[in-house]
$ cat start_36.pdb   # PDB, C-alpha atoms
MODEL        1
ATOM      1  CA  MET A 573      -0.639  32.764 -18.229
ATOM      2  CA  GLU A 574      -1.922  30.220 -15.720
ATOM      3  CA  GLU A 575       0.696  28.615 -13.510
ATOM      4  CA  GLN A 576       0.776  24.805 -13.552
ATOM      5  CA  GLU A 577       0.739  22.770 -10.385
ATOM      6  CA  SER A 578       3.945  20.935  -9.582
ATOM      7  CA  PRO A 579       3.733  17.137  -9.304
ATOM      8  CA  PHE A 580       4.019  17.553  -5.541
ATOM      9  CA  GLN A 581       1.076  19.968  -5.343
ATOM     10  CA  ALA A 582      -0.986  17.895  -7.758
ATOM     11  CA  ALA A 583      -0.386  14.693  -5.772
ATOM     12  CA  VAL A 584      -1.928  15.947  -2.518
ATOM     13  CA  LYS A 585      -5.608  15.613  -3.445
ATOM     14  CA  PRO A 586      -5.247  12.204  -5.182
ATOM     15  CA  GLY A 587      -3.097  10.963  -2.296
ATOM     16  CA  LEU A 588      -5.738  11.951   0.238
ATOM     17  CA  THR A 589      -8.495  10.474  -1.937
ATOM     18  CA  ILE A 590      -6.710   7.150  -2.430
ATOM     19  CA  GLY A 591      -5.826   7.026   1.271
ATOM     20  CA  LEU A 592      -9.462   7.557   2.223
ATOM     21  CA  VAL A 593     -10.601   4.904  -0.283
ATOM     22  CA  SER A 594      -8.036   2.538   1.219
ATOM     23  CA  LEU A 595      -9.321   3.318   4.703
ATOM     24  CA  ALA A 596     -12.912   2.791   3.587
ATOM     25  CA  LEU A 597     -12.000  -0.631   2.151
ATOM     26  CA  THR A 598     -10.172  -1.524   5.367
ATOM     27  CA  PHE A 599     -13.062  -0.523   7.614
ATOM     28  CA  ILE A 600     -15.652  -2.211   5.359
ATOM     29  CA  ALA A 601     -13.624  -5.429   5.506
ATOM     30  CA  TYR A 602     -13.252  -5.019   9.273
ATOM     31  CA  PHE A 603     -17.000  -4.606   9.791
ATOM     32  CA  ILE A 604     -17.887  -7.491   7.452
ATOM     33  CA  ASP A 605     -15.331  -9.930   8.890
ATOM     34  CA  SER A 606     -12.123  -8.714  10.523
ATOM     35  CA  THR A 607     -10.262 -11.835   9.362
ATOM     36  CA  LEU A 608     -10.532 -10.489   5.797
ATOM     37  CA  LEU A 609      -7.780  -8.026   6.726
ATOM     38  CA  ALA A 610      -5.317 -10.934   6.872
ATOM     39  CA  SER A 611      -6.561 -12.386   3.594
ATOM     40  CA  GLY A 612      -4.368 -12.421   0.531
ATOM     41  CA  TRP A 613      -7.424 -11.697  -1.598
ATOM     42  CA  PHE A 614      -8.147  -8.501   0.294
ATOM     43  CA  GLY A 615      -4.567  -7.377  -0.221
ATOM     44  CA  LEU A 616      -4.755  -8.169  -3.930
ATOM     45  CA  VAL A 617      -8.007  -6.212  -4.362
ATOM     46  CA  ALA A 618      -6.513  -3.277  -2.450
ATOM     47  CA  ILE A 619      -3.412  -3.244  -4.684
ATOM     48  CA  VAL A 620      -5.508  -3.347  -7.869
ATOM     49  CA  VAL A 621      -7.687  -0.466  -6.643
ATOM     50  CA  PHE A 622      -4.519   1.416  -5.643
ATOM     51  CA  PHE A 623      -2.964   1.008  -9.124
ATOM     52  CA  VAL A 624      -6.161   1.874 -10.986
ATOM     53  CA  LEU A 625      -6.731   5.048  -8.977
ATOM     54  CA  ILE A 626      -3.146   6.262  -9.326
ATOM     55  CA  ILE A 627      -3.241   5.688 -13.086
ATOM     56  CA  TYR A 628      -6.601   7.472 -13.291
ATOM     57  CA  PHE A 629      -5.375  10.505 -11.317
ATOM     58  CA  GLY A 630      -2.037  10.459 -13.165
ATOM     59  CA  LYS A 631      -3.757  10.619 -16.536
ATOM     60  CA  GLN A 632      -5.967  13.405 -15.227
ATOM     61  CA  TYR A 633      -2.866  15.364 -14.130
ATOM     62  CA  ARG A 634      -1.157  14.696 -17.462
ATOM     63  CA  THR A 635      -4.191  16.159 -19.258
ATOM     64  CA  GLU A 636      -4.170  19.209 -16.964
ATOM     65  CA  ILE A 637      -0.530  19.966 -17.791
ATOM     66  CA  GLY A 638      -1.020  19.781 -21.554
ATOM     67  CA  GLY A 639      -1.284  16.087 -22.379
ATOM     68  CA  PHE A 640       2.392  15.273 -22.014
ATOM     69  CA  MET A 641       4.435  14.248 -18.991
ATOM     70  CA  THR A 642       8.057  13.269 -18.573
ATOM     71  CA  PHE A 643       9.044  10.117 -16.727
ATOM     72  CA  GLY A 644      10.442  12.209 -13.855
ATOM     73  CA  THR A 645       7.221  14.166 -13.432
ATOM     74  CA  ALA A 646       5.157  10.962 -13.596
ATOM     75  CA  PHE A 647       7.446   9.287 -11.051
ATOM     76  CA  ASN A 648       7.266  12.255  -8.655
ATOM     77  CA  PHE A 649       3.492  12.474  -8.950
ATOM     78  CA  SER A 650       3.051   8.723  -8.343
ATOM     79  CA  PHE A 651       5.535   8.526  -5.479
ATOM     80  CA  ILE A 652       4.160  11.543  -3.594
ATOM     81  CA  THR A 653       0.595  10.294  -4.147
ATOM     82  CA  MET A 654       1.521   6.927  -2.632
ATOM     83  CA  ILE A 655       3.337   8.507   0.331
ATOM     84  CA  ILE A 656       0.332  10.668   1.189
ATOM     85  CA  SER A 657      -2.030   7.740   0.686
ATOM     86  CA  GLY A 658       0.200   5.541   2.841
ATOM     87  CA  LEU A 659       0.274   8.103   5.640
ATOM     88  CA  VAL A 660      -3.538   8.343   5.621
ATOM     89  CA  GLY A 661      -3.748   4.532   5.649
ATOM     90  CA  LEU A 662      -1.195   4.309   8.453
ATOM     91  CA  LEU A 663      -3.137   6.792  10.558
ATOM     92  CA  GLY A 664      -6.362   4.848   9.976
ATOM     93  CA  GLN A 665      -4.742   1.534  10.869
ATOM     94  CA  ILE A 666      -3.265   2.999  14.029
ATOM     95  CA  ILE A 667      -6.728   4.188  15.036
ATOM     96  CA  LEU A 668      -8.240   0.796  14.160
ATOM     97  CA  PHE A 669      -5.566  -1.319  15.881
ATOM     98  CA  GLN A 670      -4.825   0.875  18.893
ATOM     99  CA  VAL A 671      -8.145   2.627  19.645
ATOM    100  CA  ILE A 672     -11.154   0.906  18.067
ATOM    101  CA  ASP A 673     -10.133  -2.735  18.486
ATOM    102  CA  PRO A 674      -6.877  -3.289  20.409
ATOM    103  CA  SER A 675      -7.422  -7.078  20.291
ATOM    104  CA  LEU A 676      -7.440  -7.094  16.466
ATOM    105  CA  PRO A 677      -3.640  -7.157  16.017
ATOM    106  CA  GLY A 678      -3.437 -10.397  18.008
ATOM    107  CA  VAL A 679      -6.208 -11.996  15.961
ATOM    108  CA  LEU A 680      -4.621 -10.940  12.663
ATOM    109  CA  ALA A 681      -1.172 -12.068  13.825
ATOM    110  CA  ASP A 682      -2.531 -15.535  14.669
ATOM    111  CA  ILE A 683      -4.280 -15.796  11.291
ATOM    112  CA  SER A 684      -1.144 -14.654   9.462
ATOM    113  CA  PHE A 685       1.003 -17.136  11.396
ATOM    114  CA  GLU A 686      -1.388 -19.996  10.595
ATOM    115  CA  SER A 687      -1.411 -18.955   6.924
ATOM    116  CA  SER A 688       2.392 -19.027   6.922
ATOM    117  CA  LEU A 689       2.375 -22.548   8.360
ATOM    118  CA  LYS A 690      -0.140 -23.702   5.729
ATOM    119  CA  MET A 691       1.988 -22.184   2.976
ATOM    120  CA  MET A 692       5.061 -23.963   4.339
ATOM    121  CA  GLU A 693       3.139 -27.249   4.316
ATOM    122  CA  SER A 694       2.025 -26.687   0.714
ATOM    123  CA  LEU A 695       5.690 -26.202  -0.230
ATOM    124  CA  GLY A 696       6.670 -29.492   1.421
ATOM    125  CA  GLN A 697       7.957 -28.227   4.780
ATOM    126  CA  ASN A 698       6.462 -29.933   7.822
ATOM    127  CA  PRO A 699       6.089 -27.273  10.575
ATOM    128  CA  ASP A 700       6.074 -30.050  13.193
ATOM    129  CA  SER A 701       9.649 -30.930  12.242
ATOM    130  CA  MET A 702      10.831 -27.350  12.754
ATOM    131  CA  ASP A 703      12.650 -26.173  15.849
ATOM    132  CA  PRO A 704      10.077 -24.818  18.349
ATOM    133  CA  ALA A 705      12.299 -21.779  18.957
ATOM    134  CA  MET A 706      12.181 -20.988  15.239
ATOM    135  CA  LEU A 707       8.386 -21.283  15.233
ATOM    136  CA  GLU A 708       8.173 -19.010  18.268
ATOM    137  CA  GLU A 709      10.431 -16.475  16.548
ATOM    138  CA  MET A 710       8.147 -16.583  13.486
ATOM    139  CA  ARG A 711       5.143 -15.984  15.741
ATOM    140  CA  LYS A 712       6.874 -13.027  17.464
ATOM    141  CA  THR A 713       7.876 -11.497  14.138
ATOM    142  CA  THR A 714       4.344 -11.835  12.794
ATOM    143  CA  SER A 715       2.872 -10.325  15.967
ATOM    144  CA  SER A 716       5.337  -7.436  16.029
ATOM    145  CA  SER A 717       4.259  -6.247  12.583
ATOM    146  CA  PHE A 718       0.851  -5.310  14.024
ATOM    147  CA  THR A 719       2.220  -3.244  16.930
ATOM    148  CA  LEU A 720       2.509   0.538  16.745
ATOM    149  CA  GLY A 721       6.258   0.323  16.171
ATOM    150  CA  GLY A 722       5.752  -2.455  13.646
ATOM    151  CA  GLN A 723       3.267  -0.343  11.713
ATOM    152  CA  PHE A 724       5.779   2.513  11.440
ATOM    153  CA  LYS A 725       8.537   0.062  10.475
ATOM    154  CA  ASN A 726       6.297  -1.484   7.804
ATOM    155  CA  PHE A 727       5.552   1.998   6.447
ATOM    156  CA  GLY A 728       9.301   2.637   6.222
ATOM    157  CA  PHE A 729       9.807  -0.567   4.224
ATOM    158  CA  GLY A 730       6.702   0.353   2.245
ATOM    159  CA  LEU A 731       8.487   3.487   1.029
ATOM    160  CA  ILE A 732      10.893   1.245  -0.861
ATOM    161  CA  ALA A 733       7.979  -0.606  -2.442
ATOM    162  CA  TYR A 734       6.320   2.729  -3.242
ATOM    163  CA  ALA A 735       9.466   3.844  -5.076
ATOM    164  CA  VAL A 736       9.521   0.667  -7.180
ATOM    165  CA  ILE A 737       5.804   0.959  -7.939
ATOM    166  CA  ALA A 738       6.274   4.657  -8.789
ATOM    167  CA  LEU A 739       8.952   3.658 -11.309
ATOM    168  CA  ILE A 740       6.473   1.321 -12.983
ATOM    169  CA  LEU A 741       3.687   3.908 -12.877
ATOM    170  CA  GLY A 742       6.059   6.594 -14.170
ATOM    171  CA  ALA A 743       6.737   4.420 -17.218
ATOM    172  CA  ILE A 744       2.989   3.885 -17.717
ATOM    173  CA  LEU A 745       1.998   7.536 -17.273
ATOM    174  CA  LYS A 746       4.779   9.291 -19.191
ATOM    175  CA  LYS A 747       3.927  10.602 -22.608
ATOM    176  CA  GLN A 748       6.401  12.439 -24.796
ATOM    177  CA  ASP A 749       5.472  15.134 -27.278
ATOM    178  CA  LYS A 750       6.533  13.533 -30.568
ATOM    179  CA  SER A 751       6.380  16.896 -32.363
ATOM    180  CA  LEU A 752       9.430  18.079 -30.385
ATOM    181  CA  GLU A 753      11.628  15.197 -31.595
ATOM    182  CA  PHE A 754      13.995  15.819 -34.520
TER     183      PHE A 754
ENDMDL
END
$ encode --input "start_36.pdb" --output "C-alpha coordinates"
Amino acid sequence: MEEQESPFQAAVKPGLTIGLVSLALTFIAYFIDSTLLASGWFGLVAIVVFFVLIIYFGKQYRTEIGGFMTFGTAFNFSFITMIISGLVGLLGQIILFQVIDPSLPGVLADISFESSLKMMESLGQNPDSMDPAMLEEMRKTTSSSFTLGGQFKNFGFGLIAYAVIALILGAILKKQDKSLEF
(Lines of atoms letter the chains of each structure in order from A and count residues from 1; the text may use other names and numbers.)
(Lines give C-alpha, C1' and ligand atoms only; values in the text may rest on other atoms or scores of the structure.)
Protein backbone atom coordinates (compact mmCIF):
# COMPACT_ATOMS: atom_id res chain seq x y z
CA MET A 1 0.00 0.00 0.00
CA GLU A 2 1.36 3.40 -1.01
CA GLU A 3 1.84 5.89 1.79
CA GLN A 4 0.09 9.24 1.33
CA GLU A 5 1.91 12.52 1.74
CA SER A 6 0.92 14.57 4.75
CA PRO A 7 -0.47 18.06 4.08
CA PHE A 8 2.86 19.44 5.28
CA GLN A 9 4.89 17.34 2.83
CA ALA A 10 2.46 18.02 0.00
CA ALA A 11 2.58 21.79 0.59
CA VAL A 12 6.34 22.16 0.03
CA LYS A 13 6.39 21.96 -3.78
CA PRO A 14 3.29 24.18 -4.31
CA GLY A 15 4.63 26.66 -1.74
CA LEU A 16 7.95 26.91 -3.56
CA THR A 17 6.18 27.16 -6.93
CA ILE A 18 3.80 29.91 -5.79
CA GLY A 19 6.68 31.75 -4.10
CA LEU A 20 8.70 31.66 -7.31
CA VAL A 21 5.69 32.83 -9.35
CA SER A 22 5.24 35.66 -6.87
CA LEU A 23 8.91 36.57 -7.19
CA ALA A 24 8.69 36.45 -10.98
CA LEU A 25 5.70 38.83 -10.91
CA THR A 26 7.56 41.15 -8.54
CA PHE A 27 10.71 41.26 -10.66
CA ILE A 28 8.73 41.66 -13.91
CA ALA A 29 6.88 44.61 -12.38
CA TYR A 30 10.18 46.00 -11.09
CA PHE A 31 11.82 45.81 -14.52
CA ILE A 32 8.78 47.27 -16.32
CA ASP A 33 8.24 50.14 -13.87
CA SER A 34 9.31 49.88 -10.23
CA THR A 35 6.44 52.13 -9.15
CA LEU A 36 4.06 49.28 -10.04
CA LEU A 37 5.20 47.58 -6.83
CA ALA A 38 3.37 50.27 -4.83
CA SER A 39 0.26 50.01 -6.99
CA GLY A 40 -2.96 48.66 -5.59
CA TRP A 41 -3.64 46.97 -8.92
CA PHE A 42 -0.41 45.01 -8.74
CA GLY A 43 -1.32 43.84 -5.25
CA LEU A 44 -4.79 42.81 -6.40
CA VAL A 45 -3.42 40.82 -9.35
CA ALA A 46 -0.88 39.14 -7.06
CA ILE A 47 -3.62 38.13 -4.59
CA VAL A 48 -5.82 36.70 -7.36
CA VAL A 49 -2.91 34.68 -8.77
CA PHE A 50 -2.07 33.53 -5.22
CA PHE A 51 -5.65 32.31 -4.59
CA VAL A 52 -6.00 30.62 -7.97
CA LEU A 53 -2.72 28.73 -7.61
CA ILE A 54 -3.45 27.56 -4.07
CA ILE A 55 -6.89 26.32 -5.11
CA TYR A 56 -5.37 24.59 -8.14
CA PHE A 57 -2.67 22.84 -6.08
CA GLY A 58 -5.17 22.08 -3.30
CA LYS A 59 -7.52 20.34 -5.71
CA GLN A 60 -4.57 18.44 -7.15
CA TYR A 61 -3.60 17.27 -3.64
CA ARG A 62 -7.21 16.35 -2.85
CA THR A 63 -7.28 14.16 -5.98
CA GLU A 64 -3.97 12.53 -5.01
CA ILE A 65 -5.32 11.54 -1.59
CA GLY A 66 -8.49 9.95 -2.95
CA GLY A 67 -10.76 12.83 -3.92
CA PHE A 68 -11.80 13.79 -0.41
CA MET A 69 -10.22 16.13 2.11
CA THR A 70 -11.27 17.26 5.56
CA PHE A 71 -11.35 20.92 6.50
CA GLY A 72 -8.35 20.43 8.80
CA THR A 73 -6.25 18.83 6.07
CA ALA A 74 -7.25 21.56 3.59
CA PHE A 75 -6.44 24.26 6.15
CA ASN A 76 -3.03 22.75 6.95
CA PHE A 77 -2.16 22.35 3.28
CA SER A 78 -3.19 25.94 2.47
CA PHE A 79 -1.49 27.49 5.49
CA ILE A 80 1.82 25.67 5.03
CA THR A 81 1.76 26.46 1.29
CA MET A 82 1.31 30.16 2.06
CA ILE A 83 4.06 30.17 4.71
CA ILE A 84 6.56 28.60 2.32
CA SER A 85 5.47 30.92 -0.48
CA GLY A 86 5.74 33.90 1.86
CA LEU A 87 9.24 32.93 2.93
CA VAL A 88 10.36 32.65 -0.71
CA GLY A 89 8.75 36.03 -1.44
CA LEU A 90 10.37 37.57 1.64
CA LEU A 91 13.79 36.32 0.60
CA GLY A 92 13.30 37.71 -2.91
CA GLN A 93 12.16 41.09 -1.61
CA ILE A 94 15.11 41.29 0.75
CA ILE A 95 17.43 40.64 -2.19
CA LEU A 96 15.59 43.21 -4.32
CA PHE A 97 15.40 45.93 -1.65
CA GLN A 98 18.75 45.40 0.07
CA VAL A 99 21.06 44.14 -2.71
CA ILE A 100 19.76 44.87 -6.21
CA ASP A 101 18.23 48.31 -5.64
CA PRO A 102 18.76 49.75 -2.14
CA SER A 103 17.12 53.04 -3.22
CA LEU A 104 13.85 51.28 -4.12
CA PRO A 105 12.42 51.20 -0.58
CA GLY A 106 12.63 54.99 -0.38
CA VAL A 107 10.92 55.41 -3.74
CA LEU A 108 8.14 52.97 -2.83
CA ALA A 109 7.70 54.57 0.60
CA ASP A 110 7.25 58.01 -0.99
CA ILE A 111 4.72 56.64 -3.50
CA SER A 112 2.82 54.84 -0.74
CA PHE A 113 2.79 57.97 1.43
CA GLU A 114 1.49 60.09 -1.46
CA SER A 115 -1.19 57.46 -2.18
CA SER A 116 -2.24 57.59 1.47
CA LEU A 117 -2.57 61.38 1.29
CA LYS A 118 -4.65 61.13 -1.90
CA MET A 119 -6.91 58.55 -0.27
CA MET A 120 -7.36 60.81 2.75
CA GLU A 121 -8.32 63.68 0.43
CA SER A 122 -10.85 61.49 -1.39
CA LEU A 123 -12.43 60.69 1.99
CA GLY A 124 -12.74 64.38 2.85
CA GLN A 125 -9.65 64.84 5.04
CA ASN A 126 -7.40 67.74 4.07
CA PRO A 127 -3.77 66.66 4.71
CA ASP A 128 -2.76 70.33 4.92
CA SER A 129 -4.92 70.73 8.02
CA MET A 130 -3.22 67.82 9.77
CA ASP A 131 -0.54 68.25 12.40
CA PRO A 132 2.89 68.16 10.69
CA ALA A 133 4.16 65.79 13.40
CA MET A 134 1.36 63.36 12.54
CA LEU A 135 2.25 63.55 8.84
CA GLU A 136 5.91 62.95 9.66
CA GLU A 137 4.95 59.94 11.79
CA MET A 138 2.90 58.58 8.87
CA ARG A 139 5.90 59.04 6.58
CA LYS A 140 8.22 57.25 9.06
CA THR A 141 5.78 54.37 9.47
CA THR A 142 5.44 53.98 5.71
CA SER A 143 9.21 54.09 5.24
CA SER A 144 9.88 51.61 8.03
CA SER A 145 7.75 48.94 6.36
CA PHE A 146 10.32 48.71 3.54
CA THR A 147 13.35 48.26 5.82
CA LEU A 148 14.79 44.83 6.59
CA GLY A 149 13.19 44.82 10.04
CA GLY A 150 9.94 46.10 8.58
CA GLN A 151 9.89 43.29 6.03
CA PHE A 152 10.25 40.67 8.79
CA LYS A 153 7.59 42.45 10.88
CA ASN A 154 5.23 42.54 7.89
CA PHE A 155 5.81 38.81 7.35
CA GLY A 156 4.89 38.20 10.99
CA PHE A 157 1.63 40.12 10.57
CA GLY A 158 1.18 38.34 7.25
CA LEU A 159 1.04 35.03 9.13
CA ILE A 160 -2.21 36.18 10.70
CA ALA A 161 -3.60 37.03 7.27
CA TYR A 162 -2.36 33.68 5.95
CA ALA A 163 -4.28 31.89 8.71
CA VAL A 164 -7.50 33.73 7.84
CA ILE A 165 -7.02 33.06 4.12
CA ALA A 166 -6.24 29.39 4.90
CA LEU A 167 -9.56 29.16 6.75
CA ILE A 168 -11.35 30.41 3.65
CA LEU A 169 -9.37 28.11 1.36
CA GLY A 170 -9.92 25.18 3.72
CA ALA A 171 -13.68 25.70 3.36
CA ILE A 172 -13.33 25.88 -0.44
CA LEU A 173 -11.06 22.83 -0.78
CA LYS A 174 -12.68 20.44 1.71
CA LYS A 175 -14.79 17.67 0.28
CA GLN A 176 -16.51 15.08 2.42
CA ASP A 177 -17.19 11.52 1.32
CA LYS A 178 -21.00 11.43 1.36
CA SER A 179 -21.00 7.62 1.27
CA LEU A 180 -19.61 7.54 4.83
CA GLU A 181 -22.52 9.57 6.26
CA PHE A 182 -25.38 7.70 7.96
$ residues_near_point --input "start_36.pdb" --point "(-8.6, -10.2, 6.0)" --cutoff "12 Å" --atoms "all atoms listed in the file" --output "PyMOL selection string"
chain A and resi 597-618+676-677+679-684+687
$ atom_distance --input "start_36.pdb" --atom1 "CA of Ser751 in chain A" --atom2 "CA of Ala738 in chain A"
26.6 Å
$ resolve_selection --input "start_36.pdb" --expression "the PyMOL selection byres ((chain A and resi 640) around 9)" --output "VMD selection string"
chain A and resid 634 to 635 637 to 639 641 to 642 746 to 749
$ residues_around --input "start_36.pdb" --residues "Ala733 in chain A" --least-positions-apart "5" --cutoff "10 Å" --atoms "all atoms listed in the file" --output "mmCIF file with C-alpha atoms, in the coordinates of the input"
data_model
loop_
_atom_site.group_PDB
_atom_site.id
_atom_site.type_symbol
_atom_site.label_atom_id
_atom_site.label_comp_id
_atom_site.auth_asym_id
_atom_site.auth_seq_id
_atom_site.Cartn_x
_atom_site.Cartn_y
_atom_site.Cartn_z
ATOM 1 C CA PHE A 651 5.535 8.526 -5.479
ATOM 2 C CA MET A 654 1.521 6.927 -2.632
ATOM 3 C CA PHE A 727 5.552 1.998 6.447
ATOM 4 C CA GLY A 728 9.301 2.637 6.222
ATOM 5 C CA ALA A 738 6.274 4.657 -8.789
ATOM 6 C CA LEU A 739 8.952 3.658 -11.309
#
$ resolve_selection --input "start_36.pdb" --expression "the PyMOL selection byres ((chain A and resi 698-713) around 12)" --output "number ranges by chain"
A: 678, 680-697, 714-719, 722, 726
$ atom_distance --input "start_36.pdb" --atom1 "CA of Leu659 in chain A" --atom2 "CA of Glu575 in chain A"
28.1 Å
$ atom_distance --input "start_36.pdb" --atom1 "CA of Ser650 in chain A" --atom2 "CA of Leu668 in chain A"
26.4 Å
$ resolve_selection --input "start_36.pdb" --expression "the PyMOL selection byres ((chain A and resi 745) around 7)" --output "PyMOL selection string"
chain A and resi 627+630-631+646+741-744+746-747
$ closest_residue --input "start_36.pdb" --among "A:Leu595, A:Ala582, A:Ile732, A:Val621" --to "Thr645 in chain A" --atoms "only C-alpha atoms"
A:Ala582
$ axis_aligned_box --input "start_36.pdb" --around "range 706-724 of chain A" --padding-each-side "3 Å" --output "JSON"
{"center_x": 6.5, "center_y": -9.4, "center_z": 14.9, "size_x": 17.3, "size_y": 29.8, "size_z": 12.8}
$ closest_residue --input "start_36.pdb" --among "A:Ser594, A:Val660, A:Glu636, A:Phe623" --to "Glu577 in chain A" --atoms "only C-alpha atoms"
A:Glu636
$ closest_residue --input "start_36.pdb" --among "A:Ser657, A:Gln723, A:Pro579, A:Ile737" --to "Phe669 in chain A" --atoms "all atoms listed in the file"
A:Gln723
$ decode --input "start_36.pdb" --residues "range 659-690 of chain A" --atoms "N, CA and C atoms" --output "CSV table (one decimal), in the first residue's frame"
chain,number,residue,atom,x,y,z
A,659,LEU,N,7.8,32.9,2.6
A,659,LEU,CA,9.2,32.9,2.9
A,659,LEU,C,10.1,33.1,1.7
A,660,VAL,N,9.7,32.5,0.6
A,660,VAL,CA,10.4,32.6,-0.7
A,660,VAL,C,10.2,34.1,-1.2
A,661,GLY,N,9.0,34.6,-1.1
A,661,GLY,CA,8.8,36.0,-1.4
A,661,GLY,C,9.5,37.0,-0.6
A,662,LEU,N,9.6,36.7,0.7
A,662,LEU,CA,10.4,37.6,1.6
A,662,LEU,C,11.8,37.6,1.3
A,663,LEU,N,12.4,36.4,1.0
A,663,LEU,CA,13.8,36.3,0.6
A,663,LEU,C,14.0,37.1,-0.7
A,664,GLY,N,13.2,37.0,-1.7
A,664,GLY,CA,13.3,37.7,-2.9
A,664,GLY,C,13.2,39.2,-2.7
A,665,GLN,N,12.3,39.7,-1.9
A,665,GLN,CA,12.2,41.1,-1.6
A,665,GLN,C,13.4,41.6,-0.9
A,666,ILE,N,13.9,40.8,0.0
A,666,ILE,CA,15.1,41.3,0.7
A,666,ILE,C,16.2,41.5,-0.3
A,667,ILE,N,16.4,40.5,-1.2
A,667,ILE,CA,17.4,40.6,-2.2
A,667,ILE,C,17.2,41.9,-3.1
A,668,LEU,N,15.9,42.1,-3.5
A,668,LEU,CA,15.6,43.2,-4.3
A,668,LEU,C,15.8,44.5,-3.6
A,669,PHE,N,15.3,44.7,-2.4
A,669,PHE,CA,15.4,45.9,-1.6
A,669,PHE,C,16.8,46.2,-1.0
A,670,GLN,N,17.5,45.2,-0.6
A,670,GLN,CA,18.8,45.4,0.1
A,670,GLN,C,20.0,45.2,-0.8
A,671,VAL,N,19.9,44.4,-1.9
A,671,VAL,CA,21.1,44.1,-2.7
A,671,VAL,C,21.0,44.8,-4.1
A,672,ILE,N,19.9,44.4,-4.8
A,672,ILE,CA,19.8,44.9,-6.2
A,672,ILE,C,19.5,46.4,-6.3
A,673,ASP,N,18.6,46.9,-5.5
A,673,ASP,CA,18.2,48.3,-5.6
A,673,ASP,C,17.9,48.9,-4.3
A,674,PRO,N,19.0,49.2,-3.5
A,674,PRO,CA,18.8,49.8,-2.1
A,674,PRO,C,18.0,51.1,-2.1
A,675,SER,N,17.9,51.8,-3.2
A,675,SER,CA,17.1,53.0,-3.2
A,675,SER,C,15.6,52.8,-3.4
A,676,LEU,N,15.3,51.6,-3.8
A,676,LEU,CA,13.9,51.3,-4.1
A,676,LEU,C,12.9,51.4,-2.9
A,677,PRO,N,13.3,51.0,-1.7
A,677,PRO,CA,12.4,51.2,-0.6
A,677,PRO,C,12.0,52.6,-0.4
A,678,GLY,N,12.9,53.6,-0.5
A,678,GLY,CA,12.6,55.0,-0.4
A,678,GLY,C,11.6,55.5,-1.4
A,679,VAL,N,11.8,55.0,-2.7
A,679,VAL,CA,10.9,55.4,-3.7
A,679,VAL,C,9.5,54.9,-3.5
A,680,LEU,N,9.4,53.6,-3.1
A,680,LEU,CA,8.1,53.0,-2.8
A,680,LEU,C,7.5,53.6,-1.6
A,681,ALA,N,8.3,53.9,-0.6
A,681,ALA,CA,7.7,54.6,0.6
A,681,ALA,C,7.1,55.9,0.3
A,682,ASP,N,7.8,56.7,-0.6
A,682,ASP,CA,7.3,58.0,-1.0
A,682,ASP,C,6.0,57.8,-1.8
A,683,ILE,N,5.9,56.9,-2.7
A,683,ILE,CA,4.7,56.6,-3.5
A,683,ILE,C,3.6,56.2,-2.6
A,684,SER,N,3.9,55.3,-1.7
A,684,SER,CA,2.8,54.8,-0.7
A,684,SER,C,2.3,56.0,0.1
A,685,PHE,N,3.2,56.8,0.6
A,685,PHE,CA,2.8,58.0,1.4
A,685,PHE,C,1.9,58.9,0.6
A,686,GLU,N,2.3,59.2,-0.6
A,686,GLU,CA,1.5,60.1,-1.5
A,686,GLU,C,0.1,59.5,-1.7
A,687,SER,N,0.1,58.2,-2.0
A,687,SER,CA,-1.2,57.5,-2.2
A,687,SER,C,-2.1,57.6,-1.0
A,688,SER,N,-1.5,57.5,0.2
A,688,SER,CA,-2.2,57.6,1.5
A,688,SER,C,-2.8,59.0,1.6
A,689,LEU,N,-2.1,60.0,1.2
A,689,LEU,CA,-2.6,61.4,1.3
A,689,LEU,C,-3.7,61.6,0.3
A,690,LYS,N,-3.6,61.0,-0.9
A,690,LYS,CA,-4.7,61.1,-1.9
A,690,LYS,C,-5.9,60.4,-1.4
